[in-house]
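Contents: one structure, followed by commentary.
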Amino acid sequence: MPAQAKPYPRVQFLIDTFAQWLRHRRELTELRQLDRDDFERIAMDLQVTPSDLDELVRHGEHAADELPLMLKALGIDEAALGRAEPLVLRDMERVCAMCKDKPRCHRDLAAGTSGAHYEEYCLNAPTIDRLGAGAVKH
């Protein structure tokens, strides 16, 4: 249904949010039903530790939504980075997903001050700095 046709956008937002939460709970339940060997095999296939995989699943599918915004704020072309260094980008997504400093990141992104402050809290800062000026910039 188009946004303008929704009579109660706040109610629809709550319904969508609840549906997303239920989907995530089902995913967690499915993951918990795997035996340990299968879980470890999946983690190995993804090149993460089983504990990292468990934490990533608990954080949900939107846990690294800040990374594209941060890269854009810093003038880094995410698509070019993905083509040039796909494993680096994937690791950056993992690091972002498990970040404990999301509120500060959100504030800086909203205020447009990420470029001045990200090195103080972003666990991807060393990787971003290593990418170097011009490597994957816009």
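Going through the structure tokens in order, the chains are called A, B, and so on, while each chain numbers its residues from 1 and the ligands are numbered from 1 in the order shown.
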
- request: Write down as an NGL selection string the residues of chain A whose backbone DSSP state falls under alpha helix (DSSP H).
  value: :A and (9-33 or 36-46 or 50-59 or 66-73 or 78-84 or 86-97 or 102-111 or 114-117 or 125-131)

field: Who sits within 12 Å of region 43-48 of chain A, only C-alpha atoms, same chain under 5 positions skipped, as a PyMOL selection string
entry: chain A and resi 31+36-38+53-57+87+90-91+94-95

- prompt: Neighbours of Glu27 (chain A) within 12 Å (only C-alpha atoms; same-chain residues fewer than 3 positions away dropped), as a PyMOL selection string?
  reply: chain A and resi 20-24+30-34+54+56-61

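One distance worth recording is that between CA of Gly112 (chain A) and CA of Glu66 (chain A), which is 13.2 Å.
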
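Shortest atom-to-atom contact with Met70 (chain A) among A:Glu120, A:Asp129, A:Asp16, A:Asp108: A:Asp108, counting only C-alpha atoms.
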
message: Show me, as an MDAnalysis selection string, the residues that have an atom within 10 Å of Val88 (chain A) when counting only C-alpha atoms, minus same-chain residues fewer than 4 positions from it.
response: chainID A and resid 81:82 84 92:94 127:128 131

Write out the residues from the selection above, keeping N, CA, C and O atoms, as a compact mmCIF listing (two decimals), in the first residue's frame.
# COMPACT_ATOMS: atom_id res chain seq x y z
N LEU A 81 34.90 0.31 -2.62
CA LEU A 81 35.59 -0.45 -1.58
C LEU A 81 35.19 -1.93 -1.67
O LEU A 81 36.03 -2.82 -1.58
N GLY A 82 33.91 -2.18 -1.89
CA GLY A 82 33.43 -3.55 -2.01
C GLY A 82 34.03 -4.28 -3.20
O GLY A 82 34.28 -5.48 -3.14
N ALA A 84 37.05 -3.40 -4.64
CA ALA A 84 38.50 -3.47 -4.46
C ALA A 84 38.91 -4.34 -3.28
O ALA A 84 39.90 -5.07 -3.35
N MET A 92 34.63 -4.84 8.12
CA MET A 92 34.16 -3.56 8.67
C MET A 92 32.69 -3.66 9.07
O MET A 92 32.29 -3.10 10.10
N GLU A 93 31.90 -4.38 8.28
CA GLU A 93 30.49 -4.58 8.64
C GLU A 93 30.38 -5.38 9.94
O GLU A 93 29.55 -5.06 10.79
N ARG A 94 31.21 -6.40 10.10
CA ARG A 94 31.21 -7.20 11.32
C ARG A 94 31.55 -6.33 12.52
O ARG A 94 30.87 -6.35 13.55
N THR A 127 41.11 0.94 10.20
CA THR A 127 40.93 0.42 8.84
C THR A 127 40.64 1.56 7.88
O THR A 127 41.21 1.62 6.79
N ILE A 128 39.77 2.46 8.29
CA ILE A 128 39.43 3.62 7.46
C ILE A 128 40.70 4.43 7.18
O ILE A 128 40.96 4.81 6.03
N LEU A 131 42.98 2.78 4.70
CA LEU A 131 42.53 2.84 3.30
C LEU A 131 43.21 3.97 2.55
O LEU A 131 43.41 3.89 1.34

task: Report the distance between CA of Cys105 (chain A) and CA of Tyr118 (chain A) in Å, rounded to one decimal place.
output: 7.5 Å

- line: The distance between CA of Ser114 (chain A) and CA of Arg83 (chain A) is 24.1 Å

Shell around Gly115 (chain A) at 10 Å using only C-alpha atoms, local window under 6 positions removed, as a count of residues only: 7

query: Quick one: of A:Ile15, A:His117, A:Pro86, A:Phe39, who's nearest to Asp52 (chain A), counting only C-alpha atoms?
result: A:Phe39

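When only C-alpha atoms are used to measure the gap to Asp101 (chain A), the shortest distance among A:Ala63, A:Ala116, A:Glu40, A:Asp77 belongs to A:Ala63.
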